[in-house]
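Asks: If you scroll down you'll find the structure; I have some questions about it.
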Amino acid sequence: MGCGSITDEPDIVKELREAEKLGMLQSKVQNAYEKLQNRLQSNSEELLSQNEPLTKSSDKISIMLQDDIENTKKYDEPISLKEKYQTIFENYTIAITLADNNERIISWNKYTEELFNMNESDLYMKPVKSLYPPEEWKKIREENIRAKGIKYRMETKMIRNNQGLFDVEISLCVLKGKDGKIVGSVGIIKDITQLKKTEKALKESEEKYRTIFENSAVAITLTDENERIISWNKFTEDLLGMSKDDLYLKPVESLYPYEEWQKIRSQNIRQKGIQHHLETQMFIKNNVLIDVNLSLSVLKNHEGRVIGSIGVIENITENKQMERTLKASEQKFKQLYEKAPSPYHTLSTRGEITNVNEKWRQILGYETEEVIGRSIFDFVAEFEKKSAKVSFEKKIHSKKPYSVDTERTYVRKNGEQRIFVIHDFFVFDKEQNVTSIHTTMDDVTEQKQMEQLLRESELKFKSMFENVNDMIILVDKHGKILDVNKRVKDLLGYNTDEIIGKNFAKISALRVQDTPGIVKLFKDNIRKDKAVHLLELELKHKNGNLVSVEVGTRFITRNNKVEGFVNIFRDITERKMMEERTHQETEDIALINSLNNAVNQGKSLLEIFCLLEDETRRIFCSNGATTYLLSPDKKELVLQSTAYSQKMVNKVRKLTGLKTLTPRIVLNKDNIYTKIMKDRKPRLINNPGNIKKMMMGCTEKRMLKIFIPKISSLLDIHSVISVPLVSFNEVIGLLDISRKDPFSESDVHRFGAIAGQIATVVKKKMTDDMLKESEERYKDLFENVKDLIHCVDMDGRFVYVNRSWLKTLGYSKDEVKDLNLSDIIRKDYIPHCMEVFKRVCAGETVNNVEAVFVAKDGRDIYLEGNANARFHDGKFIATRGIFRDITLRKQAEEQLQGTHQELILAHEQLKQLNQNLEFKVQERTAEVHQLLEQKDGFINQLGHDLKTPLVPLVILTPMLKKHLAGKPKILKIVDTLESSTNHMKNMVDKTLQLAKLTSSKVTFEFEETNLVSEINDAIENNQHLFNENNIDVKNMVDEEIIVNADKSQLEEVFTNLFTNAIKYSKDSKGSIVIDAEKGKDDDEVIVSVKDDGIGMTREQQKFVFDEFYKIDSSRHDLDSSGLGLAICKRIVEHHGGKIWVESPGVGKGSAFYFTLKTGGKKDE
Amino acid sequence: MSKKILLVDNEPNILYTVKIGLEEISDRYEVTGVNGGRECFEFLKKGDRPDIILLDIMMPEIDGWQVFAKLKENPEWREIPIVFLTAKTDEYSRGFGKLSADDYIEKPFEIEDLKERINKILNR
């Protein structure tokens, strides 16, 4: 800063001393203070002007100081100095203390108290020393202020009451009397705790900036108010290349090009006060332009007038240059990166993609926004992910600037994998940590694939060469064998080294007679006009066997010259054998076919055997062939036919005198034929002894046996094959052939195979014969059965119908020929029958077919039966139907059905009738219910309506009576009126009561009620009636009976029963007995009210509980409503009980009973 | 001092009978009969304040319950005791009457009965 340190101020001291002399110390203190403030201000301004462009913290200070200036200004107002001082002394936030000569405080301002947290009594006469920590006091002492007279702005620490130490800035001034003797001292104490902190921060920042300041080319210039340079630092000279003379009072304007100066002007810096970092250009010596970074700060005096400006100029020419270069290079790099022919990507150290170039996107098929920020490993093929991650980590930590080529498989967006060789370049920061990774990639997919293909193809060819079934021999143009494959050993038995190097024409495998052929082949091969053909020849195996081969040759040329030949030998032994076998099989099939044809042509079994024997002889080149069939008892073989040349037959006949030798062979134990038949296998006999033995077995006759050797030699028999004829596991006979040359095993095999088929043909022929026979038999049967049988061909024509069929349907045999199946089926049955017909044609057997045929005379014939098809050799021949005539049964059934239908109909009608009835009953019931309800409603309404007109009658009649006292005649009339009124009132009451009991609205309040006391209450209430009518009442009810009842309703029951008993008492007197007993159920009580009144008939008993019923209808009892018992009945029923009456008869009294539910006994 | 009784009913015979009956039985009663709810309020609006109102329930136009409700709404008439005269004694009318009116009497009633009830209320 260079301006922060403040030294002693002689001016102030001087002034203080003067003030002291003038006795104006106090006001001088103020003055001094003001000066101090000004000083502070100017210092800070200095500070401000120098640091402003560099530090923000200086801004802060500037603001702080600005506040101070504001404060100071306040005191510039024109008030008297004394007042001003007083105010300041008292109010300024600086503590001012006066101490006496003994360094005790004698005066202070208000702020002092606040600062030290002390009151007046604390401060007064307090030794100054006690305000300082000892070490600080020591320092102050060391300043020797008494001698110097003043110590200006000393930083120290002081003690605050209860609050410990705090930083202060203290100015001390010794006060001397007029005699020059020290009389005391003034202390100006400022709390700088905050300042200290700020200063510390400032110092730190200053330290920092000084370094920068010293090391960077920053020029600082100071101008006056006319914008002329008046001061500068030495960097300015260096920068501008100007001397002091050049610079001093140089107009700032002249340093800038015109347009730049206009730019600066346009910034309005004078108003803003400050302008940071304005990039512009300046002239240096020789009118060279440089780029600068300019910060301007306007200096104002305390009145706000502009007095100059400070400029901080930084040469940024180089930066600018570099920036331009950088920009260009960056652009270039970007261009290169983006447009590079190979894919690039840039990764963060975490492997996230920060950039990819065009090629990358193109090859991998993604858009930039799809990949930025994603992990590169997302794009690595699954199988390489793990290793890629490991390798990435390793590379990052290796600190090498680039990595060796790595092969990596990435996956394209479409899922295709591509292989790249990647090169990583690492960008490091100063600490040699990797900050990013650039990766270039070479797409080597195709190359890799090619390599792979090549490798595979090479392997394939090698393997082909070694593994082909053909023998390959490479020969040079001189015939020398260069290479052979493994097949050579397999086919010829030679090891490769036994052949390689030898002359091809001279190898022992090649037979001499074949050499010219081979040579010709070679020549033809070279001469392109000749068609190249394959040569068949036989090579000799090392073991001497001949191998059939087919040889093909290709010449190898290099530079259009024949270098050698590739000879490919194919082993065709197998093929040859196959050819032979095919030939044999063709012959065999021809034999079987001719046999089959013979069978189909209906030739006899014997003819077939002759054919068989002739053919066999031809195929096997045998002298003769013989056929035997097994006798039905399976004990003998019966000779069927034998075929030898007529010459030989004649010879034998001549010898033996017999046409045939052995008509039958007995299959006894020792016989070789027996064994053959048992084994069911063909047997080859080449041994002459065995042949003789076999021939011996052919006959039982001794004579013949003697001839056997001779016959044998006559027939020239040296080899025999004997084959059993087996068809479907059944041995049916035997066939043998014999000749001079020995048969081979393969002959046996072949003959065996043929024999199997022959057996089948023979068997079929035999079966057919049998079938024909049986068919004849069955036909006879068919004709005579009662069932209808017909056979129909595919087109529906009748192939066969039996006699019964004709008879039933009434057609003649000739007529049937012109008929079709569909002609005789009744129309409505045709679809069904045709469907059955189709199924049968397909091979199905359909049982229980029902059909109706129409007879010639139009009668319906009901039929039931089965249908199936006849097949022969899997071929459809005809359908066969066997039917039974069920017409009679059907008719009976139909009749039954008719009856049944009628029954059902009747039943339905009955049901309908019932339903109607039921419905009507319901309807009526509902109607009745409704009527009943209407009746109840009517009664209710009527009752209520009657009530109002009764009022005048009830009230006025007694009044009338009163007024008529003494007029007996009229009184009598009024009495009648009154009585009638009462009766009507009673009627209305009862009617309404009954109506209410009928309605659903009524509710009962059931409670446990003591029966006897309830009865007593009722008796008491009616006592006047009993008295009036001379009725004796007895309550016999057990006191302990508790019933579940509505008390008031129960009383109503008793009252009604009592009134009833009184009404119907005899001779105006009587007795009533009330009793109760247990009912049938445990919770039931039967209450009885018995009187000795007029009683009633059985008929009357039925109606007594009906409404408005009166026993004696003639008795127009005024008090009787005829509703009392009906009300009782309703009430009892509401209690869940029953009411009834018993009477022995008229004049014999009545007993009314009703039941109640018990309410549980108290003692239980 | 005679007691003013206001009788509200739509039946002239009742109006006549009750008036005659009550005045005959005691000279303390001064009975005024009005035909229906409308006349009842006309009477009351004239400023005469009865000591008791005998109110029939079943009336055309404005029935007893409506008259009752109106009387209870008005602060001037709210305190006048009311005895219902009713022909219907079902639970509804009985229950409602018990809850809200001072008393009720069932038609047909005897004049002594009515007197008893009136006096019971007036002597309260």
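Convention: chains lettered A, B, ... in structure tokens order; per-chain residue numbering from 1; ligands numbered from 1 as shown.
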As a PDB file with all heavy atoms, in the first residue's frame, please: all residues of range 970-1103 of chain A that backbone DSSP puts in strand (DSSP E).

Replies:
```pdb
ATOM      1  N   GLU A1007     -95.356 -56.383  29.844  1.00  0.00           N
ATOM      2  CA  GLU A1007     -94.508 -56.386  31.036  1.00  0.00           C
ATOM      3  C   GLU A1007     -94.930 -57.547  31.925  1.00  0.00           C
ATOM      4  O   GLU A1007     -95.998 -58.134  31.740  1.00  0.00           O
ATOM      5  CB  GLU A1007     -94.610 -55.054  31.778  1.00  0.00           C
ATOM      6  CG  GLU A1007     -96.033 -54.672  32.159  1.00  0.00           C
ATOM      7  CD  GLU A1007     -96.115 -53.253  32.702  1.00  0.00           C
ATOM      8  OE1 GLU A1007     -95.249 -52.905  33.511  1.00  0.00           O
ATOM      9  OE2 GLU A1007     -97.040 -52.520  32.300  1.00  0.00           O
ATOM     10  N   GLU A1008     -94.091 -57.858  32.884  1.00  0.00           N
ATOM     11  CA  GLU A1008     -94.437 -58.948  33.801  1.00  0.00           C
ATOM     12  C   GLU A1008     -95.555 -58.454  34.729  1.00  0.00           C
ATOM     13  O   GLU A1008     -95.384 -57.438  35.410  1.00  0.00           O
ATOM     14  CB  GLU A1008     -93.199 -59.366  34.597  1.00  0.00           C
ATOM     15  CG  GLU A1008     -92.251 -60.151  33.711  1.00  0.00           C
ATOM     16  CD  GLU A1008     -91.021 -60.650  34.460  1.00  0.00           C
ATOM     17  OE1 GLU A1008     -90.908 -60.387  35.665  1.00  0.00           O
ATOM     18  OE2 GLU A1008     -90.201 -61.305  33.804  1.00  0.00           O
ATOM     19  N   THR A1009     -96.627 -59.158  34.689  1.00  0.00           N
ATOM     20  CA  THR A1009     -97.820 -58.663  35.388  1.00  0.00           C
ATOM     21  C   THR A1009     -98.342 -59.738  36.342  1.00  0.00           C
ATOM     22  O   THR A1009     -98.449 -60.917  35.971  1.00  0.00           O
ATOM     23  CB  THR A1009     -98.910 -58.351  34.340  1.00  0.00           C
ATOM     24  OG1 THR A1009     -98.339 -57.494  33.347  1.00  0.00           O
ATOM     25  CG2 THR A1009    -100.124 -57.707  34.966  1.00  0.00           C
ATOM     26  N   ASN A1010     -98.624 -59.303  37.545  1.00  0.00           N
ATOM     27  CA  ASN A1010     -99.214 -60.241  38.502  1.00  0.00           C
ATOM     28  C   ASN A1010    -100.684 -60.387  38.154  1.00  0.00           C
ATOM     29  O   ASN A1010    -101.452 -59.432  38.226  1.00  0.00           O
ATOM     30  CB  ASN A1010     -99.036 -59.701  39.922  1.00  0.00           C
ATOM     31  CG  ASN A1010     -99.505 -60.717  40.952  1.00  0.00           C
ATOM     32  OD1 ASN A1010    -100.719 -60.945  41.077  1.00  0.00           O
ATOM     33  ND2 ASN A1010     -98.577 -61.324  41.647  1.00  0.00           N
ATOM     34  N   ILE A1031    -124.346 -59.342  41.451  1.00  0.00           N
ATOM     35  CA  ILE A1031    -123.440 -60.397  40.968  1.00  0.00           C
ATOM     36  C   ILE A1031    -122.358 -60.627  42.015  1.00  0.00           C
ATOM     37  O   ILE A1031    -121.750 -59.685  42.531  1.00  0.00           O
ATOM     38  CB  ILE A1031    -122.767 -59.990  39.633  1.00  0.00           C
ATOM     39  CG1 ILE A1031    -123.811 -59.654  38.540  1.00  0.00           C
ATOM     40  CG2 ILE A1031    -121.802 -61.072  39.139  1.00  0.00           C
ATOM     41  CD1 ILE A1031    -124.601 -60.825  38.015  1.00  0.00           C
ATOM     42  N   ASP A1032    -122.142 -61.876  42.261  1.00  0.00           N
ATOM     43  CA  ASP A1032    -121.121 -62.260  43.250  1.00  0.00           C
ATOM     44  C   ASP A1032    -119.860 -62.672  42.474  1.00  0.00           C
ATOM     45  O   ASP A1032    -119.909 -63.528  41.592  1.00  0.00           O
ATOM     46  CB  ASP A1032    -121.679 -63.432  44.070  1.00  0.00           C
ATOM     47  CG  ASP A1032    -120.710 -63.853  45.146  1.00  0.00           C
ATOM     48  OD1 ASP A1032    -119.941 -62.978  45.625  1.00  0.00           O
ATOM     49  OD2 ASP A1032    -120.679 -65.065  45.463  1.00  0.00           O
ATOM     50  N   VAL A1033    -118.772 -62.041  42.791  1.00  0.00           N
ATOM     51  CA  VAL A1033    -117.540 -62.334  42.034  1.00  0.00           C
ATOM     52  C   VAL A1033    -116.522 -63.011  42.934  1.00  0.00           C
ATOM     53  O   VAL A1033    -116.267 -62.568  44.049  1.00  0.00           O
ATOM     54  CB  VAL A1033    -116.930 -61.035  41.453  1.00  0.00           C
ATOM     55  CG1 VAL A1033    -115.717 -61.353  40.605  1.00  0.00           C
ATOM     56  CG2 VAL A1033    -117.952 -60.284  40.641  1.00  0.00           C
ATOM     57  N   LYS A1034    -115.892 -64.083  42.366  1.00  0.00           N
ATOM     58  CA  LYS A1034    -114.839 -64.767  43.150  1.00  0.00           C
ATOM     59  C   LYS A1034    -113.555 -64.838  42.315  1.00  0.00           C
ATOM     60  O   LYS A1034    -113.573 -65.291  41.173  1.00  0.00           O
ATOM     61  CB  LYS A1034    -115.297 -66.193  43.494  1.00  0.00           C
ATOM     62  CG  LYS A1034    -115.950 -66.290  44.839  1.00  0.00           C
ATOM     63  CD  LYS A1034    -116.248 -67.754  45.162  1.00  0.00           C
ATOM     64  CE  LYS A1034    -117.323 -67.808  46.260  1.00  0.00           C
ATOM     65  NZ  LYS A1034    -118.024 -69.113  46.226  1.00  0.00           N
ATOM     66  N   ASN A1035    -112.485 -64.398  42.918  1.00  0.00           N
ATOM     67  CA  ASN A1035    -111.190 -64.483  42.233  1.00  0.00           C
ATOM     68  C   ASN A1035    -110.409 -65.625  42.841  1.00  0.00           C
ATOM     69  O   ASN A1035    -109.940 -65.549  43.957  1.00  0.00           O
ATOM     70  CB  ASN A1035    -110.453 -63.146  42.402  1.00  0.00           C
ATOM     71  CG  ASN A1035    -109.122 -63.153  41.652  1.00  0.00           C
ATOM     72  OD1 ASN A1035    -108.769 -64.151  41.025  1.00  0.00           O
ATOM     73  ND2 ASN A1035    -108.404 -62.042  41.722  1.00  0.00           N
ATOM     74  N   ILE A1042     -97.441 -64.989  37.314  1.00  0.00           N
ATOM     75  CA  ILE A1042     -96.985 -63.776  36.629  1.00  0.00           C
ATOM     76  C   ILE A1042     -97.171 -64.006  35.129  1.00  0.00           C
ATOM     77  O   ILE A1042     -96.746 -65.027  34.598  1.00  0.00           O
ATOM     78  CB  ILE A1042     -95.490 -63.513  36.899  1.00  0.00           C
ATOM     79  CG1 ILE A1042     -95.193 -63.434  38.396  1.00  0.00           C
ATOM     80  CG2 ILE A1042     -95.017 -62.236  36.181  1.00  0.00           C
ATOM     81  CD1 ILE A1042     -95.772 -62.234  39.099  1.00  0.00           C
ATOM     82  N   VAL A1043     -97.812 -63.078  34.474  1.00  0.00           N
ATOM     83  CA  VAL A1043     -97.978 -63.232  33.024  1.00  0.00           C
ATOM     84  C   VAL A1043     -97.315 -62.066  32.305  1.00  0.00           C
ATOM     85  O   VAL A1043     -97.078 -61.013  32.896  1.00  0.00           O
ATOM     86  CB  VAL A1043     -99.470 -63.306  32.615  1.00  0.00           C
ATOM     87  CG1 VAL A1043    -100.094 -64.582  33.105  1.00  0.00           C
ATOM     88  CG2 VAL A1043    -100.214 -62.081  33.110  1.00  0.00           C
ATOM     89  N   ASN A1044     -97.045 -62.319  31.026  1.00  0.00           N
ATOM     90  CA  ASN A1044     -96.439 -61.281  30.193  1.00  0.00           C
ATOM     91  C   ASN A1044     -97.576 -60.602  29.454  1.00  0.00           C
ATOM     92  O   ASN A1044     -98.134 -61.163  28.515  1.00  0.00           O
ATOM     93  CB  ASN A1044     -95.455 -61.938  29.215  1.00  0.00           C
ATOM     94  CG  ASN A1044     -94.555 -60.928  28.549  1.00  0.00           C
ATOM     95  OD1 ASN A1044     -94.337 -59.844  29.090  1.00  0.00           O
ATOM     96  ND2 ASN A1044     -94.048 -61.271  27.378  1.00  0.00           N
ATOM     97  N   ALA A1045     -97.944 -59.381  29.881  1.00  0.00           N
ATOM     98  CA  ALA A1045     -99.137 -58.774  29.300  1.00  0.00           C
ATOM     99  C   ALA A1045     -99.075 -57.258  29.347  1.00  0.00           C
ATOM    100  O   ALA A1045     -98.304 -56.674  30.108  1.00  0.00           O
ATOM    101  CB  ALA A1045    -100.364 -59.254  30.071  1.00  0.00           C
ATOM    102  N   GLY A1070    -126.495 -63.368  39.937  1.00  0.00           N
ATOM    103  CA  GLY A1070    -125.622 -64.448  39.471  1.00  0.00           C
ATOM    104  C   GLY A1070    -124.260 -64.412  40.137  1.00  0.00           C
ATOM    105  O   GLY A1070    -124.018 -63.629  41.060  1.00  0.00           O
ATOM    106  N   SER A1071    -123.382 -65.264  39.655  1.00  0.00           N
ATOM    107  CA  SER A1071    -122.029 -65.281  40.223  1.00  0.00           C
ATOM    108  C   SER A1071    -120.989 -65.448  39.094  1.00  0.00           C
ATOM    109  O   SER A1071    -121.284 -66.027  38.042  1.00  0.00           O
ATOM    110  CB  SER A1071    -121.897 -66.433  41.221  1.00  0.00           C
ATOM    111  OG  SER A1071    -122.000 -67.661  40.528  1.00  0.00           O
ATOM    112  N   ILE A1072    -119.858 -64.921  39.347  1.00  0.00           N
ATOM    113  CA  ILE A1072    -118.743 -65.061  38.384  1.00  0.00           C
ATOM    114  C   ILE A1072    -117.552 -65.634  39.139  1.00  0.00           C
ATOM    115  O   ILE A1072    -117.204 -65.138  40.224  1.00  0.00           O
ATOM    116  CB  ILE A1072    -118.360 -63.696  37.775  1.00  0.00           C
ATOM    117  CG1 ILE A1072    -119.539 -63.127  36.955  1.00  0.00           C
ATOM    118  CG2 ILE A1072    -117.115 -63.821  36.893  1.00  0.00           C
ATOM    119  CD1 ILE A1072    -119.323 -61.706  36.501  1.00  0.00           C
ATOM    120  N   VAL A1073    -116.945 -66.671  38.580  1.00  0.00           N
ATOM    121  CA  VAL A1073    -115.741 -67.246  39.203  1.00  0.00           C
ATOM    122  C   VAL A1073    -114.566 -67.112  38.208  1.00  0.00           C
ATOM    123  O   VAL A1073    -114.675 -67.501  37.050  1.00  0.00           O
ATOM    124  CB  VAL A1073    -115.948 -68.730  39.566  1.00  0.00           C
ATOM    125  CG1 VAL A1073    -114.697 -69.292  40.217  1.00  0.00           C
ATOM    126  CG2 VAL A1073    -117.163 -68.878  40.463  1.00  0.00           C
ATOM    127  N   ILE A1074    -113.522 -66.515  38.711  1.00  0.00           N
ATOM    128  CA  ILE A1074    -112.332 -66.349  37.854  1.00  0.00           C
ATOM    129  C   ILE A1074    -111.248 -67.262  38.385  1.00  0.00           C
ATOM    130  O   ILE A1074    -110.977 -67.300  39.579  1.00  0.00           O
ATOM    131  CB  ILE A1074    -111.831 -64.898  37.872  1.00  0.00           C
ATOM    132  CG1 ILE A1074    -112.996 -63.946  37.519  1.00  0.00           C
ATOM    133  CG2 ILE A1074    -110.686 -64.689  36.886  1.00  0.00           C
ATOM    134  CD1 ILE A1074    -112.948 -62.676  38.309  1.00  0.00           C
ATOM    135  N   ASP A1075    -110.619 -68.004  37.467  1.00  0.00           N
ATOM    136  CA  ASP A1075    -109.553 -68.930  37.899  1.00  0.00           C
ATOM    137  C   ASP A1075    -108.473 -68.996  36.814  1.00  0.00           C
ATOM    138  O   ASP A1075    -108.679 -68.527  35.698  1.00  0.00           O
ATOM    139  CB  ASP A1075    -110.157 -70.318  38.160  1.00  0.00           C
ATOM    140  CG  ASP A1075    -109.284 -71.137  39.110  1.00  0.00           C
ATOM    141  OD1 ASP A1075    -108.167 -70.639  39.425  1.00  0.00           O
ATOM    142  OD2 ASP A1075    -109.710 -72.240  39.504  1.00  0.00           O
ATOM    143  N   ALA A1076    -107.370 -69.591  37.193  1.00  0.00           N
ATOM    144  CA  ALA A1076    -106.288 -69.761  36.200  1.00  0.00           C
ATOM    145  C   ALA A1076    -105.554 -71.054  36.485  1.00  0.00           C
ATOM    146  O   ALA A1076    -105.397 -71.438  37.631  1.00  0.00           O
ATOM    147  CB  ALA A1076    -105.307 -68.595  36.272  1.00  0.00           C
ATOM    148  N   GLU A1077    -105.123 -71.734  35.454  1.00  0.00           N
ATOM    149  CA  GLU A1077    -104.339 -72.969  35.653  1.00  0.00           C
ATOM    150  C   GLU A1077    -103.251 -73.070  34.586  1.00  0.00           C
ATOM    151  O   GLU A1077    -103.289 -72.349  33.577  1.00  0.00           O
ATOM    152  CB  GLU A1077    -105.264 -74.184  35.557  1.00  0.00           C
ATOM    153  CG  GLU A1077    -106.018 -74.280  34.240  1.00  0.00           C
ATOM    154  CD  GLU A1077    -106.995 -75.451  34.213  1.00  0.00           C
ATOM    155  OE1 GLU A1077    -106.547 -76.549  33.861  1.00  0.00           O
ATOM    156  OE2 GLU A1077    -108.183 -75.231  34.530  1.00  0.00           O
ATOM    157  N   LYS A1078    -102.329 -73.985  34.855  1.00  0.00           N
ATOM    158  CA  LYS A1078    -101.233 -74.153  33.902  1.00  0.00           C
ATOM    159  C   LYS A1078    -101.745 -74.766  32.597  1.00  0.00           C
ATOM    160  O   LYS A1078    -102.599 -75.644  32.627  1.00  0.00           O
ATOM    161  CB  LYS A1078    -100.163 -75.081  34.490  1.00  0.00           C
ATOM    162  CG  LYS A1078     -98.767 -74.469  34.428  1.00  0.00           C
ATOM    163  CD  LYS A1078     -97.736 -75.433  34.986  1.00  0.00           C
ATOM    164  CE  LYS A1078     -97.020 -76.045  33.795  1.00  0.00           C
ATOM    165  NZ  LYS A1078     -96.186 -77.179  34.158  1.00  0.00           N
ATOM    166  N   GLU A1084     -97.567 -71.420  29.494  1.00  0.00           N
ATOM    167  CA  GLU A1084     -98.930 -71.043  29.162  1.00  0.00           C
ATOM    168  C   GLU A1084     -99.835 -71.117  30.408  1.00  0.00           C
ATOM    169  O   GLU A1084     -99.729 -72.037  31.195  1.00  0.00           O
ATOM    170  CB  GLU A1084     -99.460 -71.990  28.081  1.00  0.00           C
ATOM    171  CG  GLU A1084    -100.665 -71.470  27.339  1.00  0.00           C
ATOM    172  CD  GLU A1084    -101.148 -72.480  26.311  1.00  0.00           C
ATOM    173  OE1 GLU A1084    -101.556 -73.587  26.738  1.00  0.00           O
ATOM    174  OE2 GLU A1084    -101.100 -72.183  25.104  1.00  0.00           O
ATOM    175  N   VAL A1085    -100.674 -70.085  30.519  1.00  0.00           N
ATOM    176  CA  VAL A1085    -101.656 -70.082  31.621  1.00  0.00           C
ATOM    177  C   VAL A1085    -103.042 -69.983  30.993  1.00  0.00           C
ATOM    178  O   VAL A1085    -103.237 -69.182  30.070  1.00  0.00           O
ATOM    179  CB  VAL A1085    -101.415 -68.864  32.546  1.00  0.00           C
ATOM    180  CG1 VAL A1085    -102.505 -68.783  33.603  1.00  0.00           C
ATOM    181  CG2 VAL A1085    -100.055 -68.940  33.184  1.00  0.00           C
ATOM    182  N   ILE A1086    -103.945 -70.807  31.473  1.00  0.00           N
ATOM    183  CA  ILE A1086    -105.322 -70.704  30.968  1.00  0.00           C
ATOM    184  C   ILE A1086    -106.168 -69.995  32.031  1.00  0.00           C
ATOM    185  O   ILE A1086    -106.242 -70.433  33.178  1.00  0.00           O
ATOM    186  CB  ILE A1086    -105.921 -72.087  30.676  1.00  0.00           C
ATOM    187  CG1 ILE A1086    -105.052 -72.825  29.641  1.00  0.00           C
ATOM    188  CG2 ILE A1086    -107.358 -71.965  30.168  1.00  0.00           C
ATOM    189  CD1 ILE A1086    -105.447 -74.273  29.444  1.00  0.00           C
ATOM    190  N   VAL A1087    -106.725 -68.854  31.613  1.00  0.00           N
ATOM    191  CA  VAL A1087    -107.561 -68.084  32.543  1.00  0.00           C
ATOM    192  C   VAL A1087    -109.027 -68.396  32.217  1.00  0.00           C
ATOM    193  O   VAL A1087    -109.384 -68.470  31.041  1.00  0.00           O
ATOM    194  CB  VAL A1087    -107.282 -66.573  32.390  1.00  0.00           C
ATOM    195  CG1 VAL A1087    -108.063 -65.775  33.406  1.00  0.00           C
ATOM    196  CG2 VAL A1087    -105.792 -66.289  32.473  1.00  0.00           C
ATOM    197  N   SER A1088    -109.807 -68.574  33.213  1.00  0.00           N
ATOM    198  CA  SER A1088    -111.229 -68.848  32.945  1.00  0.00           C
ATOM    199  C   SER A1088    -112.130 -67.864  33.706  1.00  0.00           C
ATOM    200  O   SER A1088    -111.817 -67.464  34.813  1.00  0.00           O
ATOM    201  CB  SER A1088    -111.587 -70.286  33.339  1.00  0.00           C
ATOM    202  OG  SER A1088    -111.317 -70.480  34.698  1.00  0.00           O
ATOM    203  N   VAL A1089    -113.198 -67.450  33.019  1.00  0.00           N
ATOM    204  CA  VAL A1089    -114.211 -66.599  33.657  1.00  0.00           C
ATOM    205  C   VAL A1089    -115.556 -67.337  33.471  1.00  0.00           C
ATOM    206  O   VAL A1089    -116.048 -67.442  32.344  1.00  0.00           O
ATOM    207  CB  VAL A1089    -114.251 -65.207  33.000  1.00  0.00           C
ATOM    208  CG1 VAL A1089    -115.348 -64.348  33.615  1.00  0.00           C
ATOM    209  CG2 VAL A1089    -112.898 -64.522  33.100  1.00  0.00           C
ATOM    210  N   LYS A1090    -116.066 -67.866  34.586  1.00  0.00           N
ATOM    211  CA  LYS A1090    -117.290 -68.694  34.487  1.00  0.00           C
ATOM    212  C   LYS A1090    -118.466 -67.958  35.114  1.00  0.00           C
ATOM    213  O   LYS A1090    -118.321 -67.317  36.161  1.00  0.00           O
ATOM    214  CB  LYS A1090    -117.077 -70.024  35.223  1.00  0.00           C
ATOM    215  CG  LYS A1090    -116.084 -70.927  34.513  1.00  0.00           C
ATOM    216  CD  LYS A1090    -115.850 -72.198  35.326  1.00  0.00           C
ATOM    217  CE  LYS A1090    -114.741 -73.010  34.670  1.00  0.00           C
ATOM    218  NZ  LYS A1090    -114.224 -74.010  35.636  1.00  0.00           N
ATOM    219  N   ASP A1091    -119.572 -68.042  34.385  1.00  0.00           N
ATOM    220  CA  ASP A1091    -120.779 -67.427  34.976  1.00  0.00           C
ATOM    221  C   ASP A1091    -121.893 -68.472  35.035  1.00  0.00           C
ATOM    222  O   ASP A1091    -121.747 -69.574  34.494  1.00  0.00           O
ATOM    223  CB  ASP A1091    -121.215 -66.205  34.158  1.00  0.00           C
ATOM    224  CG  ASP A1091    -121.599 -66.553  32.744  1.00  0.00           C
ATOM    225  OD1 ASP A1091    -122.509 -67.391  32.541  1.00  0.00           O
ATOM    226  OD2 ASP A1091    -120.965 -65.987  31.785  1.00  0.00           O
TER     227      ASP A1091
END
```

Asks: Which chain A residues are at most 8 Å from chain B (counting only C-alpha atoms), as a list in words?

Replies: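 Per the criterion, chain A yields His944, Asp945, Lys947, Thr948, Pro949, Leu950, Val951, Pro952, Val954, Ile955, Leu956, Met959 and Lys985 of chain A.
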
Asks: Neighbours of Lys45 in chain B within 12 Å (only C-alpha atoms; same-chain residues fewer than 3 positions away dropped), as an NGL selection string?

Replies: :B and (38-42 or 48-50 or 71 or 74 or 76-77)
